[in-house]
file work_14.csv (CSV, C-alpha atoms)
chain,number,residue,atom,x,y,z
A,187,MET,CA,-26.3,-15.9,16.1
A,188,GLY,CA,-23.2,-18.0,16.4
A,189,GLU,CA,-23.2,-19.7,12.9
A,190,ARG,CA,-20.5,-17.7,11.1
A,191,LEU,CA,-21.1,-19.3,7.7
A,192,ARG,CA,-24.8,-19.9,8.0
A,193,ARG,CA,-25.6,-18.3,4.7
A,194,SER,CA,-23.0,-20.3,2.8
A,195,ARG,CA,-24.8,-23.6,3.6
A,196,THR,CA,-27.8,-25.3,2.1
A,197,LEU,CA,-30.9,-24.4,4.1
A,198,ALA,CA,-31.8,-28.0,4.6
A,199,SER,CA,-28.6,-28.5,6.6
A,200,VAL,CA,-29.3,-25.6,9.0
A,201,SER,CA,-30.8,-26.5,12.4
A,202,GLY,CA,-33.9,-24.7,13.7
A,203,VAL,CA,-33.2,-25.6,17.3
A,204,PRO,CA,-32.2,-22.5,19.2
A,205,ASP,CA,-29.3,-22.1,21.5
A,206,ILE,CA,-31.4,-20.5,24.3
A,207,ALA,CA,-28.6,-19.8,26.7
A,208,GLY,CA,-26.3,-18.4,24.0
A,209,HIS,CA,-29.1,-16.2,22.6
A,210,VAL,CA,-30.0,-14.8,26.1
A,211,ASP,CA,-26.3,-13.9,26.5
A,212,PHE,CA,-26.3,-12.3,23.1
A,213,CYS,CA,-29.4,-10.2,23.9
A,214,ARG,CA,-27.9,-9.0,27.2
A,215,GLN,CA,-24.7,-8.1,25.4
A,216,ALA,CA,-26.7,-6.2,22.9
A,217,GLU,CA,-28.4,-4.2,25.7
A,218,ALA,CA,-24.9,-3.5,27.1
A,219,CYS,CA,-23.7,-2.3,23.7
A,220,GLY,CA,-26.5,0.2,23.2
A,221,ILE,CA,-28.2,-1.8,20.5
A,222,GLU,CA,-31.9,-0.9,20.3
A,223,SER,CA,-33.5,-4.0,18.7
A,224,LEU,CA,-32.7,-7.5,17.4
A,225,LEU,CA,-34.3,-9.1,14.3
A,226,MET,CA,-36.3,-12.3,14.9
A,227,ALA,CA,-36.2,-13.7,11.4
A,228,PHE,CA,-38.9,-16.0,9.9
A,229,GLY,CA,-38.2,-19.3,8.1
A,230,PHE,CA,-38.3,-23.1,8.3
A,231,THR,CA,-34.7,-23.1,9.5
A,232,ARG,CA,-35.5,-21.0,12.6
A,233,PRO,CA,-37.7,-21.2,15.7
A,234,ASP,CA,-41.1,-19.4,15.6
A,235,PRO,CA,-40.2,-15.7,16.0
A,236,VAL,CA,-43.2,-14.7,18.2
A,237,ALA,CA,-42.8,-17.6,20.6
A,238,TYR,CA,-39.0,-17.2,20.8
A,239,ALA,CA,-39.2,-13.4,21.3
A,240,ALA,CA,-41.6,-14.1,24.3
A,241,ALA,CA,-39.0,-16.5,25.8
A,242,LEU,CA,-36.1,-14.1,25.3
A,243,GLY,CA,-38.1,-11.2,26.5
A,244,ARG,CA,-38.5,-12.8,29.9
A,245,HIS,CA,-34.7,-12.8,30.4
A,246,THR,CA,-34.0,-9.2,29.1
A,247,GLU,CA,-34.9,-5.7,30.2
A,248,LYS,CA,-34.4,-3.1,27.4
A,249,ILE,CA,-33.8,-4.8,24.0
A,250,LYS,CA,-36.7,-4.7,21.5
A,251,PHE,CA,-37.5,-7.7,19.3
A,252,LEU,CA,-38.2,-7.0,15.6
A,253,VAL,CA,-40.4,-9.9,14.8
A,254,ALA,CA,-40.7,-11.0,11.1
A,255,VAL,CA,-44.1,-11.9,9.8
A,256,ARG,CA,-45.5,-13.1,6.5
A,257,SER,CA,-49.1,-12.7,5.4
A,258,GLY,CA,-50.7,-15.9,4.4
A,259,ILE,CA,-49.4,-17.8,7.4
A,260,LEU,CA,-52.3,-17.0,9.7
A,261,SER,CA,-55.3,-14.7,10.0
A,262,PRO,CA,-54.7,-11.0,10.7
A,263,THR,CA,-56.9,-11.1,13.8
A,264,TYR,CA,-55.0,-14.0,15.3
A,265,PHE,CA,-51.7,-12.3,14.5
A,266,VAL,CA,-52.7,-9.1,16.2
A,267,GLN,CA,-53.7,-11.2,19.2
A,268,GLN,CA,-50.3,-12.8,19.3
A,269,ILE,CA,-48.4,-9.5,19.0
A,270,ASN,CA,-50.6,-7.8,21.6
A,271,THR,CA,-49.9,-10.7,24.0
A,272,LEU,CA,-46.2,-10.5,23.3
A,273,SER,CA,-46.3,-6.7,24.1
A,274,VAL,CA,-47.8,-7.5,27.5
A,275,LEU,CA,-45.1,-10.1,28.2
A,276,THR,CA,-42.2,-7.8,27.1
A,277,SER,CA,-43.5,-4.4,28.4
A,278,GLY,CA,-44.0,-3.3,24.8
A,279,ARG,CA,-40.6,-4.3,23.5
A,280,VAL,CA,-41.8,-5.6,20.1
A,281,SER,CA,-41.9,-4.2,16.6
A,282,ILE,CA,-42.8,-5.9,13.3
A,283,ASN,CA,-40.8,-6.7,10.2
A,284,ILE,CA,-43.2,-7.3,7.3
A,285,VAL,CA,-41.7,-9.7,4.7
A,286,ALA,CA,-43.5,-11.0,1.6
A,287,GLY,CA,-41.1,-14.0,1.1
A,288,ARG,CA,-38.4,-14.5,-1.5
A,289,VAL,CA,-38.2,-18.1,-2.5
A,290,PRO,CA,-41.4,-19.7,-3.9
A,291,ASP,CA,-40.2,-23.2,-3.0
A,292,GLU,CA,-40.1,-22.4,0.7
A,293,LEU,CA,-43.4,-20.4,0.6
A,294,ARG,CA,-45.1,-23.6,-0.5
A,295,TYR,CA,-44.0,-25.3,2.7
A,296,TYR,CA,-46.5,-23.1,4.4
A,297,GLY,CA,-49.2,-23.5,1.8
A,298,ASP,CA,-48.5,-20.2,0.1
A,299,PHE,CA,-48.7,-20.6,-3.7
A,300,LEU,CA,-49.2,-16.9,-4.7
A,301,PRO,CA,-46.9,-15.2,-7.2
A,302,HIS,CA,-44.9,-12.1,-6.1
A,303,ASP,CA,-47.3,-9.3,-7.0
A,304,GLU,CA,-50.4,-11.2,-5.5
A,305,ARG,CA,-48.4,-11.7,-2.3
A,306,TYR,CA,-48.2,-7.9,-1.9
A,307,GLU,CA,-51.9,-7.5,-2.7
A,308,ARG,CA,-52.6,-10.0,0.1
A,309,THR,CA,-50.2,-8.3,2.4
A,310,ASP,CA,-52.0,-5.0,1.8
A,311,GLU,CA,-55.3,-6.6,2.9
A,312,PHE,CA,-53.6,-8.2,5.9
A,313,TRP,CA,-52.3,-5.0,7.3
A,314,SER,CA,-55.5,-3.1,6.6
A,315,VAL,CA,-57.2,-5.5,9.0
A,316,CYS,CA,-54.4,-5.3,11.6
A,317,HIS,CA,-54.4,-1.5,11.6
A,318,ALA,CA,-58.1,-1.3,12.1
A,319,LEU,CA,-57.8,-3.6,15.1
A,320,TRP,CA,-55.0,-1.5,16.6
A,321,ARG,CA,-57.0,1.7,16.0
A,322,GLY,CA,-59.9,0.2,17.9
A,323,ASP,CA,-62.3,1.0,15.1
A,324,GLY,CA,-65.0,-1.1,16.9
A,325,PRO,CA,-65.9,-4.4,15.5
A,326,VAL,CA,-63.9,-4.7,12.3
A,327,ASP,CA,-65.5,-5.8,9.1
A,328,PHE,CA,-63.4,-6.4,6.1
A,329,ALA,CA,-64.1,-8.2,2.8
A,330,GLY,CA,-61.2,-8.5,0.3
A,331,ARG,CA,-60.0,-11.0,-2.2
A,332,HIS,CA,-57.7,-12.8,0.3
A,333,TYR,CA,-59.2,-12.0,3.8
A,334,ARG,CA,-62.7,-11.7,5.2
A,335,VAL,CA,-63.5,-10.9,8.8
A,336,GLU,CA,-66.8,-10.0,10.4
A,337,SER,CA,-67.2,-8.0,13.6
A,338,ALA,CA,-63.6,-8.8,14.7
A,339,ARG,CA,-62.5,-7.5,18.1
A,340,LEU,CA,-59.8,-8.3,20.7
A,341,ASN,CA,-59.8,-7.8,24.4
A,342,THR,CA,-56.0,-7.9,24.7
A,343,PRO,CA,-54.7,-4.5,23.6
A,344,PHE,CA,-51.2,-3.7,22.4
A,345,VAL,CA,-49.4,-2.3,25.4
A,346,SER,CA,-46.6,0.1,24.4
A,347,ASP,CA,-45.6,1.0,28.0
A,348,VAL,CA,-46.6,-0.9,31.2
A,349,ASP,CA,-44.1,0.9,33.5
A,350,GLY,CA,-46.0,4.2,33.8
A,351,PRO,CA,-48.9,4.9,36.2
A,352,SER,CA,-51.3,3.3,33.7
A,353,PRO,CA,-50.7,1.2,30.6
A,354,VAL,CA,-50.3,3.1,27.3
A,355,HIS,CA,-52.1,1.4,24.4
A,356,GLY,CA,-51.2,1.8,20.7
A,357,ARG,CA,-49.6,-0.4,18.1
A,358,PRO,CA,-46.1,-1.7,17.3
A,359,GLU,CA,-43.6,0.1,15.0
A,360,ILE,CA,-43.8,-1.5,11.6
A,361,TYR,CA,-40.9,-2.1,9.3
A,362,LEU,CA,-41.4,-3.4,5.7
A,363,GLY,CA,-38.6,-5.1,3.9
A,364,GLY,CA,-38.4,-4.8,0.2
A,365,ASN,CA,-37.0,-3.1,-2.9
A,366,SER,CA,-39.8,-3.4,-5.4
A,367,ASP,CA,-42.4,-0.8,-6.4
A,368,GLN,CA,-45.0,-2.8,-4.6
A,369,ALA,CA,-42.9,-2.8,-1.4
A,370,ILE,CA,-42.5,1.0,-1.6
A,371,ALA,CA,-46.2,1.6,-2.1
A,372,LEU,CA,-47.0,-0.8,0.8
A,373,ALA,CA,-44.5,0.8,3.1
A,374,ILE,CA,-46.0,4.2,2.4
A,375,ARG,CA,-49.5,2.8,3.1
A,376,HIS,CA,-48.8,0.7,6.2
A,377,ALA,CA,-45.3,1.0,7.7
A,378,ASP,CA,-43.2,3.4,9.7
A,379,CYS,CA,-40.0,2.4,7.9
A,380,LEU,CA,-39.0,0.8,4.7
A,381,LEU,CA,-36.0,-1.6,5.1
A,382,THR,CA,-34.0,-2.1,1.9
A,383,PHE,CA,-30.7,-3.3,0.8
A,384,PRO,CA,-28.0,-0.6,0.2
A,385,ASP,CA,-27.0,0.8,-3.1
A,386,VAL,CA,-24.7,3.6,-4.3
A,387,PRO,CA,-26.1,6.6,-2.4
A,388,ASP,CA,-27.0,8.6,-5.5
A,389,ARG,CA,-29.0,5.8,-6.9
A,390,LEU,CA,-30.6,4.9,-3.6
A,391,ALA,CA,-31.6,8.5,-3.1
A,392,GLN,CA,-33.7,8.5,-6.2
A,393,ARG,CA,-35.5,5.2,-5.2
A,394,ILE,CA,-36.3,6.2,-1.7
A,395,ARG,CA,-37.5,9.8,-2.4
A,396,PRO,CA,-41.2,8.9,-2.6
A,397,VAL,CA,-40.9,7.1,0.7
A,398,LEU,CA,-39.3,10.0,2.5
A,399,ASP,CA,-41.7,12.5,0.9
A,400,SER,CA,-44.6,10.4,2.4
A,401,GLY,CA,-43.1,10.8,6.0
A,402,THR,CA,-42.1,7.2,6.2
A,403,ASP,CA,-38.5,6.4,7.4
A,404,VAL,CA,-36.0,4.4,5.4
A,405,GLY,CA,-33.5,1.9,6.9
A,406,LEU,CA,-30.8,-0.2,5.4
A,407,LEU,CA,-30.3,-4.0,5.9
A,408,VAL,CA,-26.5,-4.4,5.6
A,409,SER,CA,-23.6,-6.6,6.8
A,410,LEU,CA,-20.7,-5.1,8.6
A,411,PHE,CA,-16.9,-5.8,8.6
A,412,CYS,CA,-15.4,-3.2,11.0
A,413,ARG,CA,-11.9,-3.6,12.4
A,414,PRO,CA,-9.4,-1.3,14.0
A,415,THR,CA,-7.9,-0.5,10.5
A,416,ARG,CA,-9.4,-0.6,7.0
A,417,ALA,CA,-6.7,-3.1,5.9
A,418,GLU,CA,-7.8,-5.5,8.7
A,419,ALA,CA,-11.4,-5.1,7.8
A,420,ILE,CA,-10.7,-5.9,4.1
A,421,ASP,CA,-8.7,-8.9,5.1
A,422,ALA,CA,-11.5,-10.2,7.4
A,423,ALA,CA,-14.0,-9.8,4.5
A,424,HIS,CA,-11.9,-11.7,2.1
A,425,GLU,CA,-11.1,-14.4,4.7
A,426,LEU,CA,-14.8,-15.0,5.2
A,427,ILE,CA,-15.6,-15.7,1.5
A,428,ALA,CA,-12.4,-17.8,1.3
A,429,SER,CA,-13.8,-19.9,4.1
A,430,ALA,CA,-17.2,-20.1,2.4
A,431,GLY,CA,-15.6,-21.6,-0.7
A,432,GLU,CA,-16.8,-22.4,-4.2
A,433,GLN,CA,-19.7,-24.6,-3.0
A,434,ALA,CA,-21.3,-21.5,-1.4
A,435,ARG,CA,-20.9,-19.6,-4.7
A,436,GLN,CA,-22.7,-22.5,-6.6
A,437,LEU,CA,-25.4,-22.5,-3.9
A,438,HIS,CA,-26.2,-18.9,-4.4
A,439,GLY,CA,-26.0,-19.2,-8.2
A,440,ALA,CA,-28.9,-21.6,-7.9
A,441,MET,CA,-30.7,-19.4,-5.4
A,442,ARG,CA,-30.5,-16.5,-7.8
A,443,ALA,CA,-32.4,-18.6,-10.3
A,444,ARG,CA,-35.1,-19.5,-7.8
A,445,THR,CA,-35.9,-16.2,-6.1
A,446,ASP,CA,-38.7,-13.9,-7.2
A,447,SER,CA,-37.6,-11.2,-4.8
A,448,VAL,CA,-36.9,-7.9,-6.6
A,449,GLY,CA,-34.4,-6.8,-3.9
A,450,TYR,CA,-32.5,-10.1,-4.0
A,451,THR,CA,-32.4,-10.1,-7.8
A,452,ALA,CA,-31.2,-6.5,-7.9
A,453,THR,CA,-28.5,-7.1,-5.4
A,454,TYR,CA,-27.3,-10.3,-7.1
A,455,ASP,CA,-27.2,-8.4,-10.4
A,456,MET,CA,-25.3,-5.5,-8.8
A,457,ALA,CA,-22.7,-7.9,-7.5
A,458,SER,CA,-22.2,-9.5,-10.9
A,459,ARG,CA,-22.3,-6.3,-12.9
A,460,GLU,CA,-19.9,-4.1,-11.0
A,461,SER,CA,-16.5,-4.4,-9.3
A,462,ASP,CA,-16.5,-5.7,-5.7
A,463,TRP,CA,-16.5,-2.1,-4.5
A,464,ALA,CA,-19.7,-0.2,-5.4
A,465,THR,CA,-18.3,2.7,-3.3
A,466,ARG,CA,-15.2,3.1,-1.1
A,467,TYR,CA,-17.1,1.5,1.7
A,468,LEU,CA,-19.9,-0.6,0.1
A,469,TRP,CA,-18.6,-4.1,-0.8
A,470,THR,CA,-20.5,-6.6,-2.9
A,471,GLY,CA,-17.8,-9.3,-2.9
A,472,ALA,CA,-19.6,-11.5,-0.4
A,473,VAL,CA,-23.0,-11.5,-2.2
A,474,PRO,CA,-22.1,-14.4,-4.6
A,475,TYR,CA,-21.1,-16.5,-1.5
A,476,LEU,CA,-23.6,-15.3,1.2
A,477,GLY,CA,-26.5,-13.9,-0.8
A,478,PRO,CA,-27.8,-10.3,-0.9
A,479,PRO,CA,-27.7,-10.0,2.9
A,480,GLY,CA,-23.9,-10.3,2.5
A,481,ILE,CA,-23.6,-6.8,0.9
A,482,ALA,CA,-21.5,-5.0,3.4
A,483,LEU,CA,-20.0,-1.8,4.8
A,484,VAL,CA,-16.2,-2.5,5.2
A,485,GLY,CA,-13.6,-0.4,7.0
A,486,SER,CA,-12.2,1.1,10.2
A,487,PRO,CA,-14.6,2.8,12.8
A,488,ASP,CA,-13.9,6.1,11.1
A,489,ASP,CA,-14.7,4.6,7.7
A,490,ILE,CA,-18.0,3.2,8.9
A,491,VAL,CA,-19.1,6.4,10.6
A,492,GLU,CA,-18.4,8.2,7.3
A,493,ALA,CA,-20.3,5.6,5.3
A,494,LEU,CA,-23.3,5.9,7.7
A,495,ALA,CA,-23.1,9.7,7.3
A,496,GLU,CA,-23.3,9.4,3.5
A,497,TYR,CA,-26.6,7.4,3.8
A,498,GLN,CA,-27.9,9.7,6.5
A,499,ALA,CA,-27.3,12.7,4.2
A,500,ILE,CA,-29.8,11.2,1.7
A,501,GLY,CA,-32.4,10.5,4.4
A,502,VAL,CA,-31.6,7.0,5.7
A,503,ASN,CA,-32.0,7.1,9.5
A,504,GLN,CA,-32.1,3.5,10.6
A,505,PHE,CA,-29.7,0.6,10.1
A,506,LEU,CA,-30.1,-3.2,10.6
A,507,PHE,CA,-26.7,-4.7,10.8
A,508,MET,CA,-25.4,-8.3,10.4
A,509,GLY,CA,-22.0,-8.7,11.9
A,510,HIS,CA,-19.2,-11.1,10.9
A,511,PRO,CA,-18.6,-12.6,13.4
A,512,ASP,CA,-21.9,-11.4,15.0
A,513,LEU,CA,-21.1,-11.2,18.8
A,514,GLU,CA,-17.6,-9.8,18.3
A,515,GLN,CA,-18.7,-7.4,15.7
A,516,MET,CA,-21.6,-6.1,17.7
A,517,THR,CA,-19.4,-5.6,20.7
A,518,PHE,CA,-16.8,-3.7,18.6
A,519,PHE,CA,-19.4,-1.6,17.0
A,520,GLY,CA,-20.9,-0.7,20.4
A,521,ALA,CA,-17.5,0.3,21.8
A,522,GLU,CA,-15.9,2.0,18.8
A,523,VAL,CA,-18.5,3.1,16.2
A,524,LEU,CA,-21.7,3.9,18.1
A,525,PRO,CA,-20.2,6.5,20.4
A,526,MET,CA,-18.9,8.5,17.4
A,527,VAL,CA,-22.3,8.2,15.7
A,528,ARG,CA,-24.1,9.5,18.9
A,529,ALA,CA,-21.5,12.3,19.3
A,530,ARG,CA,-22.2,13.5,15.7
A,531,GLU,CA,-25.9,13.4,16.3
A,532,ARG,CA,-25.6,15.4,19.5
A,533,ALA,CA,-23.5,18.0,17.6
A,534,GLY,CA,-26.1,18.1,14.8
A,535,VAL,CA,-23.6,16.7,12.3
A,536,ARG,CA,-24.7,14.5,9.5

call {"tool": "encode", "arguments": {"input": "work_14.csv", "output": "C-alpha cells"}}
result
Amino acid sequence: MGERLRRSRTLASVSGVPDIAGHVDFCRQAEACGIESLLMAFGFTRPDPVAYAAALGRHTEKIKFLVAVRSGILSPTYFVQQINTLSVLTSGRVSINIVAGRVPDELRYYGDFLPHDERYERTDEFWSVCHALWRGDGPVDFAGRHYRVESARLNTPFVSDVDGPSPVHGRPEIYLGGNSDQAIALAIRHADCLLTFPDVPDRLAQRIRPVLDSGTDVGLLVSLFCRPTRAEAIDAAHELIASAGEQARQLHGAMRARTDSVGYTATYDMASRESDWATRYLWTGAVPYLGPPGIALVGSPDDIVEALAEYQAIGVNQFLFMGHPDLEQMTFFGAEVLPMVRARERAGVR
C-alpha cells in the first residue's frame, strides 16, 4: 500500500519496513468500503505476513487477512500452529493464499532449491499434513519425500467464530495461486479457490472447467484502473506506464528470463503476442512495465461491472484486485462499482 510504482523498481530497492499507521488506516478504509479481505503477500521485501496480520488484526474489526505462505519455509505442524493462533487473535479473520514461488533466485534466499514441479510435489505433502491436523484426525503420522511427522497434534485449534455462545472450530479458507497444470490439480485437491491471472474469457473458460467441475471456486488476480469515464481510465493507465519508464520495461524483461512460474510466463507472453487490449476491458499494456500482476481491467464503473459479469458468466466468482493508486481506487470501487455488483447479485443477474 502507498508505493504507486513498487513493481517498476528493482526488488533490492524496496523497503520491507511497514508503515503501520498507514496500513491500519488502509484496513479500516477497506472495511468501510465493503472489501472482504486483504492480501498479506510473502517475500523478502515485505514484513512477515502472519506476524503483520496479527498486528493489524488487533486494530480492525471485520476485514479478513489473506495470508500468503510457501511450503519449504517451515514445518506444516508449526505453520498450522501459527495460523490457529492467528485465528484466535483475529476472531477467525484469516484465510490462506498458497504460493509455490516464481523466481528461483529469491527462493534460494530461504534455502529452497527445488525446481518448479518438485515445489508442487512438496506443497501437496505440506497441505496433506495441514488438512489432517485441521480435521483432528488424532495424532497425525505422515511420511513423504519432503515431510515426515510422527504423532503430530496441536492443542490450539483454528477458531472460525469466537463471537457466538461457544467457539466454532474448523479450518481457514484456502486459496491457491497459479496457472500451471500442477496448480490446477493441487487446487482441486487442497483448496477452496484457485486464484489465477485473467485471460480472454473464452480461453479462460476452457482452462478452469476442471476446477469448477470439481466444486472448487475460481478467482482472478487482476489490477484495476477505474475512473468516472472510460477515457479517464485509459489516460490513467497510460500515465502510469509513462511514469514507470523504460527502466521498468528492462527490469521486467530480465524478470521474464528468470521466472519459472507458468502463470507469469504465460502472461508475459500474452502481453508480447497480442495488442495491448486482449478484450475491450482487459489491458495488457502495463505487463512489460509492472509484470504480470499489472494485467488490468480498465474502464468506467459500468465498464468494470460488465467486465466482471463476463467472467462471472464463465464461473469466476471471486476477485483479488490491485488498485492504481490503491487507496483512491479502492475507495472509488467501493462507492461506484461494488453497489452495482451487489445490486446485480440481489436481482439474480450475471

call {"tool": "closest_atom_pairs", "arguments": {"input": "work_14.csv", "of": "range 203-240 of chain A", "to": "range 266-278 of chain A", "cutoff": "9 Å", "atoms": "all atoms listed in the file", "output": "tab-separated table"}}
result
residue	atom	partner	partner_atom	distance
A:Val236	CA	A:Leu272	CA	7.3
A:Ala237	CA	A:Leu272	CA	8.3
A:Ala239	CA	A:Leu272	CA	7.8
A:Ala240	CA	A:Leu272	CA	5.9

call {"tool": "write_last_selection", "arguments": {"input": "work_14.csv", "atoms": "C-alpha atoms", "output": "PDB file, in the frame of the given file"}}
result
ATOM      1  CA  VAL A 236     -43.200 -14.700  18.200  1.00  0.00           C
ATOM      2  CA  ALA A 237     -42.800 -17.600  20.600  1.00  0.00           C
ATOM      3  CA  ALA A 239     -39.200 -13.400  21.300  1.00  0.00           C
ATOM      4  CA  ALA A 240     -41.600 -14.100  24.300  1.00  0.00           C
TER       5      ALA A 240
END

call {"tool": "closest_residue", "arguments": {"input": "work_14.csv", "among": "A:Ile490, A:Ala254, A:Ala369, A:Ala422", "to": "Phe228 in chain A", "atoms": "only C-alpha atoms"}}
result
A:Ala254

call {"tool": "closest_residue", "arguments": {"input": "work_14.csv", "among": "A:Cys412, A:Ala521, A:Ala329, A:Leu300", "to": "Ala216 in chain A", "atoms": "all atoms listed in the file"}}
result
A:Ala521

call {"tool": "residues_around", "arguments": {"input": "work_14.csv", "residues": "Arg331 in chain A", "least_positions_apart": "3", "cutoff": "9 Å", "atoms": "all atoms listed in the file", "output": "list in words"}}
result
Glu307, Arg308, Glu311 and Arg334 of chain A

call {"tool": "atom_distance", "arguments": {"input": "work_14.csv", "atom1": "CA of Pro387 in chain A", "atom2": "CA of Thr415 in chain A"}}
result
23.4 Å

call {"tool": "atom_distance", "arguments": {"input": "work_14.csv", "atom1": "CA of Gly363 in chain A", "atom2": "CA of Arg442 in chain A"}}
result
18.2 Å

call {"tool": "closest_residue", "arguments": {"input": "work_14.csv", "among": "A:Gly401, A:Pro414, A:Pro396, A:Pro525", "to": "Gly485 in chain A", "atoms": "only C-alpha atoms"}}
result
A:Pro414

call {"tool": "residues_around", "arguments": {"input": "work_14.csv", "residues": "Phe299 in chain A", "least_positions_apart": "6", "cutoff": "10 Å", "atoms": "only C-alpha atoms", "output": "PDB file with C-alpha atoms, in the coordinates of the input"}}
result
ATOM      1  CA  GLY A 258     -50.700 -15.900   4.400  1.00  0.00           C
ATOM      2  CA  PRO A 290     -41.400 -19.700  -3.900  1.00  0.00           C
ATOM      3  CA  ASP A 291     -40.200 -23.200  -3.000  1.00  0.00           C
ATOM      4  CA  GLU A 292     -40.100 -22.400   0.700  1.00  0.00           C
ATOM      5  CA  LEU A 293     -43.400 -20.400   0.600  1.00  0.00           C
ATOM      6  CA  ARG A 305     -48.400 -11.700  -2.300  1.00  0.00           C
TER       7      ARG A 305
END

call {"tool": "residues_around", "arguments": {"input": "work_14.csv", "residues": "Ile500 in chain A", "least_positions_apart": "5", "cutoff": "10 Å", "atoms": "all atoms listed in the file", "output": "list in words"}}
result
Pro387, Asp388, Leu390, Ala391, Gln392, Ile394, Arg395, Leu398, Val404, Ala495 and Arg536 of chain A

call {"tool": "decode", "arguments": {"input": "work_14.csv", "residues": "range 389-420 of chain A", "atoms": "C-alpha atoms", "output": "PDB file, in the first residue's frame"}}
result
ATOM      1  CA  ARG A 389      -9.804 -19.224 -23.336  1.00  0.00           C
ATOM      2  CA  LEU A 390     -10.032 -18.954 -19.558  1.00  0.00           C
ATOM      3  CA  ALA A 391     -13.303 -20.900 -19.514  1.00  0.00           C
ATOM      4  CA  GLN A 392     -11.587 -23.925 -21.050  1.00  0.00           C
ATOM      5  CA  ARG A 393      -8.710 -23.822 -18.586  1.00  0.00           C
ATOM      6  CA  ILE A 394     -10.818 -23.518 -15.432  1.00  0.00           C
ATOM      7  CA  ARG A 395     -13.529 -26.029 -16.366  1.00  0.00           C
ATOM      8  CA  PRO A 396     -11.902 -28.954 -14.470  1.00  0.00           C
ATOM      9  CA  VAL A 397     -11.602 -26.759 -11.371  1.00  0.00           C
ATOM     10  CA  LEU A 398     -15.249 -25.715 -11.451  1.00  0.00           C
ATOM     11  CA  ASP A 399     -16.382 -29.277 -12.184  1.00  0.00           C
ATOM     12  CA  SER A 400     -14.588 -30.390  -9.004  1.00  0.00           C
ATOM     13  CA  GLY A 401     -16.602 -27.921  -6.906  1.00  0.00           C
ATOM     14  CA  THR A 402     -13.617 -25.616  -6.344  1.00  0.00           C
ATOM     15  CA  ASP A 403     -14.116 -21.880  -6.870  1.00  0.00           C
ATOM     16  CA  VAL A 404     -12.074 -19.780  -9.285  1.00  0.00           C
ATOM     17  CA  GLY A 405     -10.910 -16.213  -8.641  1.00  0.00           C
ATOM     18  CA  LEU A 406      -8.950 -13.678 -10.674  1.00  0.00           C
ATOM     19  CA  LEU A 407      -5.894 -11.716  -9.568  1.00  0.00           C
ATOM     20  CA  VAL A 408      -6.101  -8.507 -11.602  1.00  0.00           C
ATOM     21  CA  SER A 409      -5.211  -4.818 -11.461  1.00  0.00           C
ATOM     22  CA  LEU A 410      -7.859  -2.129 -11.769  1.00  0.00           C
ATOM     23  CA  PHE A 411      -7.990   1.242 -13.485  1.00  0.00           C
ATOM     24  CA  CYS A 412     -11.495   2.545 -12.897  1.00  0.00           C
ATOM     25  CA  ARG A 413     -12.390   6.213 -13.360  1.00  0.00           C
ATOM     26  CA  PRO A 414     -15.657   8.143 -13.912  1.00  0.00           C
ATOM     27  CA  THR A 415     -15.275   7.708 -17.694  1.00  0.00           C
ATOM     28  CA  ARG A 416     -13.540   5.147 -19.898  1.00  0.00           C
ATOM     29  CA  ALA A 417     -11.358   7.876 -21.421  1.00  0.00           C
ATOM     30  CA  GLU A 418     -10.134   8.927 -17.971  1.00  0.00           C
ATOM     31  CA  ALA A 419      -9.374   5.323 -17.060  1.00  0.00           C
ATOM     32  CA  ILE A 420      -7.346   4.773 -20.233  1.00  0.00           C
TER      33      ILE A 420
END
